[in-house]
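As stored in run.cif (mmCIF, C-alpha atoms):
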```
data_final
loop_
_atom_site.label_atom_id
_atom_site.label_comp_id
_atom_site.auth_asym_id
_atom_site.auth_seq_id
_atom_site.Cartn_x
_atom_site.Cartn_y
_atom_site.Cartn_z
CA MET A 14 55.89 37.28 -29.42
CA ALA A 15 52.90 38.91 -30.73
CA VAL A 16 50.49 38.26 -27.92
CA MET A 17 51.64 37.95 -24.45
CA LYS A 18 49.30 36.43 -21.96
CA LYS A 19 48.75 38.68 -19.10
CA LYS A 20 49.05 36.92 -15.89
CA GLY A 21 46.22 37.17 -13.45
CA ASP A 22 43.81 38.46 -15.99
CA ARG A 23 42.23 35.12 -16.67
CA GLU A 24 40.47 33.56 -13.75
CA VAL A 25 38.82 30.21 -13.80
CA PRO A 26 35.14 31.10 -13.61
CA ALA A 27 33.16 29.61 -10.77
CA MET A 28 31.54 26.40 -11.80
CA SER A 29 27.97 26.98 -12.65
CA THR A 30 25.63 24.94 -10.51
CA THR A 31 22.50 26.35 -12.03
CA SER A 32 21.73 23.06 -13.76
CA LEU A 33 22.05 21.02 -10.61
CA PRO A 34 18.48 21.81 -9.48
CA ASP A 35 17.25 20.76 -12.91
CA VAL A 36 18.94 17.41 -12.54
CA VAL A 37 17.48 16.94 -9.09
CA TYR A 38 14.04 17.95 -10.34
CA ILE A 39 14.26 15.32 -13.06
CA ILE A 40 15.03 12.66 -10.44
CA LEU A 41 12.21 14.04 -8.33
CA PHE A 42 9.70 13.77 -11.16
CA PHE A 43 10.92 10.30 -11.94
CA PHE A 44 10.18 9.24 -8.39
CA MET A 45 6.85 11.01 -8.35
CA LEU A 46 5.76 9.10 -11.41
CA SER A 47 7.25 5.71 -10.77
CA THR A 48 6.23 5.27 -7.17
CA SER A 49 2.75 5.16 -5.87
CA MET A 50 1.63 7.12 -2.91
CA ARG A 51 0.26 5.25 0.00
CA ASP A 52 -3.23 5.77 -1.22
CA GLN A 53 -5.07 3.87 1.42
CA GLU A 54 -4.87 4.73 4.98
CA LEU A 55 -4.53 1.47 6.77
CA MET A 56 -6.96 1.10 9.56
CA VAL A 57 -5.83 -2.34 10.52
CA THR A 58 -2.47 -3.61 11.55
CA TYR A 59 -1.10 -6.84 10.29
CA LYS A 60 2.05 -8.81 10.17
CA LEU A 61 2.13 -10.77 6.97
CA PRO A 62 3.05 -14.44 7.07
CA GLU A 63 6.33 -15.48 5.58
CA ALA A 64 6.84 -17.68 2.56
CA THR A 65 9.59 -18.61 0.16
CA GLU A 66 7.60 -19.39 -2.97
CA VAL A 67 6.13 -15.98 -3.58
CA GLN A 68 5.32 -14.33 -6.86
CA LYS A 69 5.32 -10.65 -7.57
CA LEU A 70 2.13 -8.89 -8.39
CA GLU A 71 2.99 -7.19 -11.61
CA LYS A 72 0.28 -4.78 -12.59
CA LYS A 73 -0.76 -2.76 -9.63
CA ASN A 74 -3.79 -1.21 -11.23
CA LEU A 75 -5.32 -4.66 -11.64
CA VAL A 76 -4.97 -5.48 -7.99
CA SER A 77 -7.64 -4.97 -5.39
CA TYR A 78 -6.71 -5.19 -1.77
CA ILE A 79 -8.51 -6.79 1.11
CA HIS A 80 -6.95 -6.15 4.48
CA ILE A 81 -7.70 -8.27 7.49
CA GLY A 82 -6.33 -7.56 10.90
CA ALA A 83 -6.91 -5.99 14.27
CA PRO A 84 -7.85 -2.29 14.19
CA SER A 85 -4.98 0.13 14.55
CA LEU A 86 -4.05 1.11 18.06
CA HIS A 87 -5.71 4.52 18.02
CA LEU A 88 -8.92 2.97 16.72
CA GLN A 89 -9.02 0.12 19.17
CA ALA A 90 -10.79 2.16 21.81
CA LYS A 91 -13.66 2.63 19.40
CA PHE A 92 -13.71 -0.62 17.48
CA GLY A 93 -12.17 -3.14 19.82
CA ALA A 94 -9.34 -5.50 19.02
CA ALA A 95 -11.20 -8.19 17.14
CA PRO A 96 -9.99 -8.69 13.57
CA ARG A 97 -11.76 -6.57 11.00
CA ILE A 98 -11.91 -6.56 7.24
CA GLN A 99 -10.94 -3.31 5.59
CA LEU A 100 -12.07 -2.53 2.07
CA ASN A 101 -11.11 0.85 0.67
CA ASP A 102 -11.20 3.15 3.67
CA SER A 103 -13.61 1.61 6.07
CA TYR A 104 -14.34 -1.51 8.00
CA LYS A 105 -16.63 -3.84 6.19
CA THR A 106 -18.05 -7.29 6.62
CA THR A 107 -17.80 -10.22 4.29
CA LYS A 108 -21.19 -9.30 2.85
CA ASP A 109 -19.74 -6.14 1.31
CA ILE A 110 -17.08 -7.98 -0.65
CA LEU A 111 -19.45 -8.73 -3.51
CA ASP A 112 -20.18 -5.02 -4.03
CA PHE A 113 -16.57 -4.10 -3.53
CA ILE A 114 -15.39 -6.50 -6.22
CA ALA A 115 -18.14 -5.33 -8.57
CA ALA A 116 -17.08 -1.71 -8.06
CA GLU A 117 -13.42 -2.53 -8.53
CA ARG A 118 -14.23 -4.46 -11.67
CA ASP A 119 -16.18 -1.54 -13.07
CA ASN A 120 -13.12 0.64 -12.70
CA LEU A 121 -11.12 -1.58 -14.99
CA SER A 122 -11.32 -1.58 -18.73
CA GLU A 123 -13.13 -4.42 -20.43
CA SER A 124 -9.95 -6.17 -21.50
CA ASP A 125 -8.36 -6.06 -18.08
CA ARG A 126 -11.24 -7.52 -16.16
CA ALA A 127 -10.23 -11.10 -16.72
CA SER A 128 -6.81 -10.57 -15.19
CA MET A 129 -8.04 -8.82 -12.09
CA THR A 130 -6.30 -10.08 -9.01
CA VAL A 131 -7.28 -9.82 -5.41
CA CYS A 132 -4.50 -9.43 -2.92
CA LEU A 133 -5.42 -10.69 0.48
CA LYS A 134 -3.38 -9.03 3.16
CA ALA A 135 -4.20 -10.79 6.34
CA ASP A 136 -2.51 -10.89 9.67
CA ARG A 137 -0.69 -14.11 10.39
CA ASP A 138 -2.78 -14.76 13.48
CA THR A 139 -6.08 -14.51 11.63
CA LYS A 140 -8.24 -17.56 11.96
CA MET A 141 -8.89 -19.42 8.75
CA GLY A 142 -12.61 -19.14 9.35
CA VAL A 143 -12.52 -15.46 8.39
CA VAL A 144 -10.26 -16.15 5.43
CA ALA A 145 -12.50 -18.99 4.26
CA ASP A 146 -15.55 -16.70 4.40
CA VAL A 147 -13.70 -14.13 2.31
CA LYS A 148 -12.70 -16.82 -0.16
CA GLN A 149 -16.29 -18.01 -0.49
CA GLU A 150 -17.41 -14.44 -1.17
CA LEU A 151 -14.69 -14.03 -3.77
CA ARG A 152 -15.85 -17.18 -5.48
CA ARG A 153 -19.37 -15.80 -5.45
CA ALA A 154 -18.10 -12.54 -6.94
CA ASN A 155 -16.20 -14.56 -9.52
CA ALA A 156 -12.89 -12.95 -8.61
CA LEU A 157 -10.86 -16.11 -8.72
CA LYS A 158 -7.29 -14.92 -8.96
CA LEU A 159 -6.13 -14.57 -5.42
CA SER A 160 -2.77 -13.78 -3.97
CA TYR A 161 -2.09 -14.51 -0.33
CA ALA A 162 0.22 -11.65 0.48
CA SER A 163 3.27 -12.86 2.31
CA SER A 164 6.68 -11.43 2.77
CA LYS A 165 9.48 -13.16 0.99
CA VAL A 166 12.06 -14.96 3.04
CA LEU A 167 15.06 -16.77 1.73
CA LYS A 168 15.14 -20.51 1.73
CA GLU A 169 16.89 -21.96 4.66
CA MET B 29 23.50 58.34 -18.38
CA ALA B 30 22.06 55.78 -16.08
CA SER B 31 24.64 54.16 -14.02
CA LYS B 32 25.23 50.67 -15.25
CA LYS B 33 25.07 48.65 -12.10
CA ASN B 34 26.40 45.25 -12.13
CA ILE B 35 23.48 43.19 -10.89
CA PRO B 36 24.85 40.11 -9.21
CA GLU B 37 23.54 36.81 -10.40
CA ILE B 38 21.00 35.25 -8.09
CA ASN B 39 22.65 32.53 -6.17
CA ALA B 40 20.87 29.35 -7.21
CA SER B 41 23.00 26.92 -5.33
CA SER B 42 20.41 26.54 -2.59
CA GLN B 43 17.75 25.60 -5.07
CA ALA B 44 19.39 22.23 -5.35
CA ASP B 45 19.06 21.79 -1.61
CA ILE B 46 15.36 22.60 -1.80
CA ALA B 47 14.91 20.13 -4.61
CA PHE B 48 16.76 17.49 -2.65
CA THR B 49 14.53 18.09 0.33
CA VAL B 50 11.41 17.62 -1.77
CA LEU B 51 12.96 14.54 -3.36
CA ILE B 52 13.68 12.96 -0.01
CA PHE B 53 10.18 13.79 1.14
CA PHE B 54 8.75 11.88 -1.81
CA LEU B 55 11.09 9.00 -1.25
CA VAL B 56 9.77 8.67 2.26
CA VAL B 57 6.05 9.04 1.70
CA SER B 58 5.73 7.02 -1.47
CA THR B 59 6.02 3.29 -1.70
CA MET B 60 7.80 1.24 -4.23
CA ASP B 61 7.37 -2.00 -2.39
CA VAL B 62 6.26 -4.80 -4.61
CA ASP B 63 3.48 -6.91 -3.30
CA THR B 64 4.50 -10.50 -3.15
CA GLY B 65 2.32 -13.41 -2.35
CA ILE B 66 1.39 -16.98 -3.05
CA VAL B 67 -0.87 -16.95 -6.06
CA ARG B 68 -3.80 -19.31 -6.26
CA VAL B 69 -6.77 -19.59 -8.53
CA LEU B 70 -9.96 -20.35 -6.69
CA PRO B 71 -12.39 -22.85 -8.15
CA PRO B 72 -15.42 -21.18 -9.67
CA LYS B 73 -18.60 -21.13 -7.69
CA ALA B 74 -20.62 -24.24 -8.30
CA ASP B 75 -23.67 -23.64 -10.42
CA PRO B 76 -26.72 -24.26 -8.20
CA ASN B 77 -28.72 -25.48 -11.19
CA MET B 78 -26.20 -28.14 -11.96
CA LYS B 79 -26.52 -31.35 -10.11
CA GLN B 80 -23.84 -31.58 -7.53
CA GLU B 81 -21.74 -34.45 -8.62
CA ASP B 82 -18.88 -35.63 -6.57
CA ILE B 83 -15.91 -36.16 -8.74
CA LYS B 84 -14.62 -39.56 -7.89
CA VAL B 85 -10.94 -39.68 -7.33
CA LYS B 86 -9.23 -42.93 -6.69
CA GLU B 87 -7.79 -43.18 -3.24
CA ARG B 88 -4.26 -43.62 -4.52
CA ASN B 89 -4.56 -40.38 -6.48
CA LEU B 90 -5.43 -38.32 -3.46
CA LEU B 91 -3.15 -36.93 -0.81
CA LEU B 92 -5.19 -35.60 2.04
CA VAL B 93 -3.48 -32.83 3.93
CA PHE B 94 -5.31 -31.70 6.99
CA VAL B 95 -4.25 -28.79 9.15
CA SER B 96 -5.82 -28.91 12.57
CA GLY B 97 -6.82 -25.97 14.68
CA SER B 98 -3.74 -26.28 16.83
CA GLY B 99 -1.53 -26.31 13.76
CA ASN B 100 -0.73 -29.99 13.49
CA ILE B 101 -0.42 -31.30 9.98
CA MET B 102 -1.76 -34.64 8.96
CA ALA B 103 -0.81 -35.91 5.55
CA GLY B 104 -2.02 -39.24 4.25
CA GLY B 105 -3.13 -40.33 7.69
CA LYS B 106 0.06 -39.51 9.55
CA VAL B 107 1.09 -36.52 11.58
CA VAL B 108 4.04 -34.91 9.85
CA THR B 109 6.27 -31.88 10.20
CA ILE B 110 6.37 -29.17 7.58
CA GLU B 111 9.62 -30.52 6.11
CA ALA B 112 8.29 -34.04 5.97
CA LEU B 113 5.17 -32.70 4.28
CA ARG B 114 7.28 -31.25 1.51
CA ASP B 115 9.10 -34.53 0.95
CA LYS B 116 5.85 -36.43 1.07
CA ALA B 117 4.28 -34.09 -1.45
CA LYS B 118 7.28 -34.43 -3.74
CA GLU B 119 7.14 -38.18 -3.55
CA PHE B 120 3.42 -38.02 -4.19
CA ILE B 121 3.83 -35.82 -7.26
CA LEU B 122 6.67 -37.80 -8.74
CA ASN B 123 5.93 -41.38 -7.72
CA PRO B 124 9.41 -42.35 -8.86
CA ASN B 125 9.08 -46.09 -8.29
CA ASP B 126 5.56 -46.45 -9.65
CA ASP B 127 4.31 -47.43 -6.26
CA LYS B 128 0.85 -48.98 -6.20
CA ASN B 129 -0.25 -46.64 -3.42
CA LEU B 130 0.91 -43.46 -5.11
CA PRO B 131 -0.80 -41.66 -8.00
CA GLU B 132 -1.28 -43.19 -11.40
CA LYS B 133 0.37 -41.64 -14.39
CA LYS B 134 -1.07 -41.10 -17.78
CA ASN B 135 1.16 -40.69 -20.76
CA GLU B 136 0.45 -37.42 -22.44
CA VAL B 137 1.89 -35.99 -25.61
CA LEU B 138 3.15 -32.48 -25.11
CA ASP B 139 4.08 -30.06 -27.86
CA MET B 140 7.60 -28.86 -27.47
CA PRO B 141 8.44 -25.28 -28.44
CA ASP B 142 10.65 -26.55 -31.27
CA GLY B 143 7.72 -28.42 -32.82
CA SER B 144 8.60 -31.91 -31.69
CA LYS B 145 6.45 -34.08 -29.48
CA TRP B 146 7.34 -35.25 -26.05
CA THR B 147 5.57 -37.98 -24.19
CA TYR B 148 5.61 -37.55 -20.46
CA PRO B 149 3.79 -39.53 -17.80
CA VAL B 150 1.62 -36.89 -16.20
CA SER B 151 0.63 -37.65 -12.65
CA GLU B 152 -3.05 -37.87 -11.83
CA GLY B 153 -2.51 -36.97 -8.22
CA VAL B 154 -4.49 -34.31 -6.45
CA ILE B 155 -3.50 -32.81 -3.14
CA SER B 156 -6.51 -32.00 -1.08
CA LEU B 157 -5.95 -29.34 1.53
CA GLN B 158 -8.31 -29.11 4.43
CA ASN B 159 -8.33 -26.99 7.49
CA THR B 160 -10.61 -26.03 10.31
CA ARG B 161 -11.95 -22.59 11.00
CA GLU B 162 -9.60 -22.36 13.96
CA THR B 163 -6.44 -22.97 11.96
CA SER B 164 -4.21 -19.92 12.01
CA TYR B 165 -3.56 -18.16 8.72
CA GLU B 166 0.18 -18.34 9.30
CA ARG B 167 0.10 -22.12 9.54
CA TYR B 168 -2.09 -22.32 6.47
CA ILE B 169 0.35 -20.20 4.46
CA GLU B 170 3.21 -22.36 5.72
CA VAL B 171 1.47 -25.44 4.38
CA GLN B 172 0.58 -23.74 1.11
CA ASN B 173 4.18 -22.65 0.84
CA ALA B 174 5.48 -26.15 1.48
CA LEU B 175 3.18 -27.60 -1.19
CA THR B 176 4.09 -24.89 -3.69
CA ARG B 177 7.70 -25.50 -2.98
CA ALA B 178 7.32 -29.21 -3.56
CA TYR B 179 5.77 -28.50 -6.96
CA ASN B 180 8.39 -25.90 -7.80
CA GLU B 181 11.23 -28.22 -6.90
CA VAL B 182 9.83 -31.06 -8.97
CA ARG B 183 9.32 -28.68 -11.87
CA ASP B 184 12.81 -27.32 -11.47
CA ASP B 185 14.26 -30.81 -11.60
CA LEU B 186 12.32 -31.63 -14.73
CA ALA B 187 13.27 -28.34 -16.38
CA MET B 188 16.88 -29.02 -15.50
CA SER B 189 16.87 -32.48 -17.07
CA LYS B 190 14.83 -31.44 -20.11
CA PHE B 191 16.17 -28.01 -20.95
CA GLY B 192 19.26 -27.81 -18.80
CA LYS B 193 17.97 -24.68 -17.12
CA PRO B 194 15.98 -24.00 -13.95
CA MET B 195 12.38 -22.85 -14.29
CA LYS B 196 13.09 -19.19 -13.86
CA ASP B 197 15.45 -19.10 -16.84
CA LEU B 198 13.07 -20.81 -19.23
CA ASP B 199 11.12 -18.84 -21.76
CA GLU B 200 7.35 -18.70 -21.84
CA ALA B 201 6.82 -21.65 -24.20
CA GLU B 202 9.20 -23.96 -22.36
CA ARG B 203 7.69 -23.04 -19.03
CA LYS B 204 4.26 -23.91 -20.39
CA VAL B 205 5.47 -27.39 -21.31
CA ILE B 206 6.81 -28.00 -17.83
CA THR B 207 3.66 -26.66 -16.22
CA LYS B 208 1.63 -29.02 -18.37
CA ALA B 209 3.86 -31.95 -17.51
CA ILE B 210 3.51 -31.24 -13.80
CA PRO B 211 0.21 -29.47 -13.23
CA MET B 212 -0.33 -27.98 -9.82
CA LYS B 213 -3.40 -29.66 -8.48
CA ILE B 214 -4.25 -28.46 -5.04
CA SER B 215 -7.86 -28.73 -4.16
CA GLU B 216 -9.14 -26.77 -1.24
CA ALA B 217 -12.19 -27.94 0.52
CA GLU B 218 -14.31 -25.65 2.55
CA PRO B 219 -13.15 -25.67 6.14
CA ARG B 220 -14.42 -28.35 8.37
CA GLN B 221 -16.48 -27.43 11.33
CA LYS B 222 -14.84 -27.91 14.63
CA LEU B 223 -14.13 -31.55 15.11
CA LYS B 224 -15.60 -33.11 18.12
#
```

How does this structure look as structure tokens?
Amino acid sequence: MAVMKKKGDREVPAMSTTSLPDVVYIILFFFMLSTSMRDQELMVTYKLPEATEVQKLEKKNLVSYIHIGAPSLHLQAKFGAAPRIQLNDSYKTTKDILDFIAAERDNLSESDRASMTVCLKADRDTKMGVVADVKQELRRANALKLSYASSKVLKE
Amino acid sequence: MASKKNIPEINASSQADIAFTVLIFFLVVSTMDVDTGIVRVLPPKADPNMKQEDIKVKERNLLLVFVSGSGNIMAGGKVVTIEALRDKAKEFILNPNDDKNLPEKKNEVLDMPDGSKWTYPVSEGVISLQNTRETSYERYIEVQNALTRAYNEVRDDLAMSKFGKPMKDLDEAERKVITKAIPMKISEAEPRQKLK
């Protein structure tokens, strides 16, 4: 009976939540690093075609995008509704694809150039004439790996 | 003596809320969507100095798939639906009964990953895909998808009978063997001008 605990003297201290922000910050940084910002402002609208046999594009830094579709609604007053090709941040024609691919290829390191892929994001109502022209230009630019972007649907 | 004031600890519980807000903001504005698509390798541009030589393909080794401007599919001279096209393509790739009108096969020796040899009759068939400039992209992708699916299903069947596993569970070396046994040969011609 040497030490008697005094009642009421010992309170359970409030749980410290000071580390909670740190945890959240770690998650935040994880997301900031692992996701990519929407780096291109889309100036065209498209609805991708659907397919079941799609493959993922693995390395995003090796992918160049070509968008084909009607100009976005707020741009239609200026540019009309006919399908346009968007490279980087502006409307281009098929003639510019050669330069575009050359520029994109220059951005890659020597060893990555062979595995450069072009992702063609075209609206499902695009006529094949436009797509064929783009394909011919890509062949001319020697960018032969092409992915027809399509959204994955399950097999029926 | 200075009075020893008990400075209260700064309440940091709201900092978590701020961090959450920023986190949610990033979740919304950033994308993690994976781009998916049907992957094709285009043929290299023909060298203008080289003499243009038409590669002669026997008629039985060629399946002509034509997609018209209105979206009708013609395969091997008949109008077919997309499902029938898949079956037709599968039959064309496999030629199970060694039909005289379907592609020839050439026995090829393939190196198995375990070092052994495997002789497999590799089909000589080429699917030629043609379309007009008026064909819609959606229809074109549908056809490409059907053809890819035909190849994938044939490959899956072969992988199943050879390795007891579907294609997606095979390792790199095994997949290479299957891809060599059933090569995907889809030739794309430049679009035809509008047919009269």

Result set of the PyMOL selection byres ((chain A and resi 152-154) around 7) on the coordinates above, as a PyMOL selection string: (chain A and resi 111+114+148-151+155-157) or (chain B and resi 70+72-73)

Test item: the PyMOL selection byres ((chain A and resi 87-91) around 12) resolved as a ChimeraX atom specification: /A:55-58,82-86,92-97,103-104

Residues of chain B within 6 Å of chain A, using all atoms listed in the file, as a PDB file with C-alpha atoms, keeping the file's coordinate frame?
```pdb
ATOM      1  CA  ALA B  40      20.870  29.350  -7.210  1.00  0.00           C
ATOM      2  CA  GLN B  43      17.750  25.600  -5.070  1.00  0.00           C
ATOM      3  CA  ALA B  44      19.390  22.230  -5.350  1.00  0.00           C
ATOM      4  CA  LEU B  51      12.960  14.540  -3.360  1.00  0.00           C
ATOM      5  CA  SER B  58       5.730   7.020  -1.470  1.00  0.00           C
ATOM      6  CA  THR B  59       6.020   3.290  -1.700  1.00  0.00           C
ATOM      7  CA  MET B  60       7.800   1.240  -4.230  1.00  0.00           C
ATOM      8  CA  ASP B  63       3.480  -6.910  -3.300  1.00  0.00           C
ATOM      9  CA  THR B  64       4.500 -10.500  -3.150  1.00  0.00           C
ATOM     10  CA  GLY B  65       2.320 -13.410  -2.350  1.00  0.00           C
ATOM     11  CA  ILE B  66       1.390 -16.980  -3.050  1.00  0.00           C
ATOM     12  CA  VAL B  67      -0.870 -16.950  -6.060  1.00  0.00           C
ATOM     13  CA  ARG B  68      -3.800 -19.310  -6.260  1.00  0.00           C
ATOM     14  CA  VAL B  69      -6.770 -19.590  -8.530  1.00  0.00           C
ATOM     15  CA  LEU B  70      -9.960 -20.350  -6.690  1.00  0.00           C
ATOM     16  CA  PRO B  72     -15.420 -21.180  -9.670  1.00  0.00           C
ATOM     17  CA  LYS B  73     -18.600 -21.130  -7.690  1.00  0.00           C
ATOM     18  CA  ARG B 161     -11.950 -22.590  11.000  1.00  0.00           C
ATOM     19  CA  GLU B 162      -9.600 -22.360  13.960  1.00  0.00           C
ATOM     20  CA  THR B 163      -6.440 -22.970  11.960  1.00  0.00           C
ATOM     21  CA  SER B 164      -4.210 -19.920  12.010  1.00  0.00           C
ATOM     22  CA  TYR B 165      -3.560 -18.160   8.720  1.00  0.00           C
ATOM     23  CA  GLU B 166       0.180 -18.340   9.300  1.00  0.00           C
ATOM     24  CA  ASN B 173       4.180 -22.650   0.840  1.00  0.00           C
TER      25      ASN B 173
END
```

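Relative to atom CA of B:Asp142, atom CA of B:Gly192 is found at 15.2 Å.
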
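Checking B:Val56, B:Ala201, B:Val154, B:Leu175 one by one against B:Lys86, counting all atoms listed in the file, you find the shortest gap at B:Val154.
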
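Atom CA of B:Leu186 to atom CA of B:Ile110 spans 23.2 Å [interatomic distance, one decimal].
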
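Going from atom CA of A:Asn120 to atom CA of A:Ile81 covers 22.7 Å.
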
Within 10 Å of file point (-11.2, -26.2, 5.9), counting all atoms listed in the file, expressed as JSON, numbers by chain: {"A": [141, 142, 145], "B": [94, 95, 96, 97, 157, 158, 159, 160, 161, 162, 163, 168, 216, 217, 218, 219, 220, 221, 222]}

Explicit residues for the PyMOL selection byres ((chain B and resi 137) around 9) (as JSON, numbers by chain): {"B": [135, 136, 138, 139, 145, 146, 147, 148, 149]}

Expected file: the selected residues, C-alpha atoms, as a PDB file, keeping the file's coordinate frame:
```pdb
ATOM      1  CA  ASN B 135       1.160 -40.690 -20.760  1.00  0.00           C
ATOM      2  CA  GLU B 136       0.450 -37.420 -22.440  1.00  0.00           C
ATOM      3  CA  LEU B 138       3.150 -32.480 -25.110  1.00  0.00           C
ATOM      4  CA  ASP B 139       4.080 -30.060 -27.860  1.00  0.00           C
ATOM      5  CA  LYS B 145       6.450 -34.080 -29.480  1.00  0.00           C
ATOM      6  CA  TRP B 146       7.340 -35.250 -26.050  1.00  0.00           C
ATOM      7  CA  THR B 147       5.570 -37.980 -24.190  1.00  0.00           C
ATOM      8  CA  TYR B 148       5.610 -37.550 -20.460  1.00  0.00           C
ATOM      9  CA  PRO B 149       3.790 -39.530 -17.800  1.00  0.00           C
TER      10      PRO B 149
END
```

Distance query B:Met195 at most 12 Å, all atoms listed in the file, self and fewer than 5 positions along chain excluded, as a PDB file with C-alpha atoms, in the frame of the given file:
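Result file follows (part_35.pdb):
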```pdb
ATOM      1  CA  TYR B 179       5.770 -28.500  -6.960  1.00  0.00           C
ATOM      2  CA  ASN B 180       8.390 -25.900  -7.800  1.00  0.00           C
ATOM      3  CA  GLU B 181      11.230 -28.220  -6.900  1.00  0.00           C
ATOM      4  CA  VAL B 182       9.830 -31.060  -8.970  1.00  0.00           C
ATOM      5  CA  ARG B 183       9.320 -28.680 -11.870  1.00  0.00           C
ATOM      6  CA  ASP B 184      12.810 -27.320 -11.470  1.00  0.00           C
ATOM      7  CA  ASP B 185      14.260 -30.810 -11.600  1.00  0.00           C
ATOM      8  CA  LEU B 186      12.320 -31.630 -14.730  1.00  0.00           C
ATOM      9  CA  ALA B 187      13.270 -28.340 -16.380  1.00  0.00           C
ATOM     10  CA  MET B 188      16.880 -29.020 -15.500  1.00  0.00           C
ATOM     11  CA  SER B 189      16.870 -32.480 -17.070  1.00  0.00           C
ATOM     12  CA  LYS B 190      14.830 -31.440 -20.110  1.00  0.00           C
ATOM     13  CA  GLU B 200       7.350 -18.700 -21.840  1.00  0.00           C
ATOM     14  CA  ALA B 201       6.820 -21.650 -24.200  1.00  0.00           C
ATOM     15  CA  GLU B 202       9.200 -23.960 -22.360  1.00  0.00           C
ATOM     16  CA  ARG B 203       7.690 -23.040 -19.030  1.00  0.00           C
ATOM     17  CA  LYS B 204       4.260 -23.910 -20.390  1.00  0.00           C
ATOM     18  CA  VAL B 205       5.470 -27.390 -21.310  1.00  0.00           C
ATOM     19  CA  ILE B 206       6.810 -28.000 -17.830  1.00  0.00           C
ATOM     20  CA  THR B 207       3.660 -26.660 -16.220  1.00  0.00           C
TER      21      THR B 207
END
```

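Distances from A:Leu167, A:Leu46, A:Ser77, A:Glu54 to A:Arg118 were compared using all atoms listed in the file, and the smallest one belongs to A:Ser77.
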
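Minimum atom-to-atom distance to B:Lys208, evaluated using only C-alpha atoms, belongs to B:Ser151 out of B:Ser42, B:Ser151, B:Ser156, B:Asn125.
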
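Using only C-alpha atoms, the smallest distance between any of B:Asn123, B:Thr109, B:Asn129, B:Ser144 and B:Ala174 comes from B:Thr109.
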
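For the set B:Ile52, B:Leu90, B:Ala47, B:Ala209, the residue with the smallest atom-to-atom gap to B:Met140 is B:Ala209, counting all atoms listed in the file.
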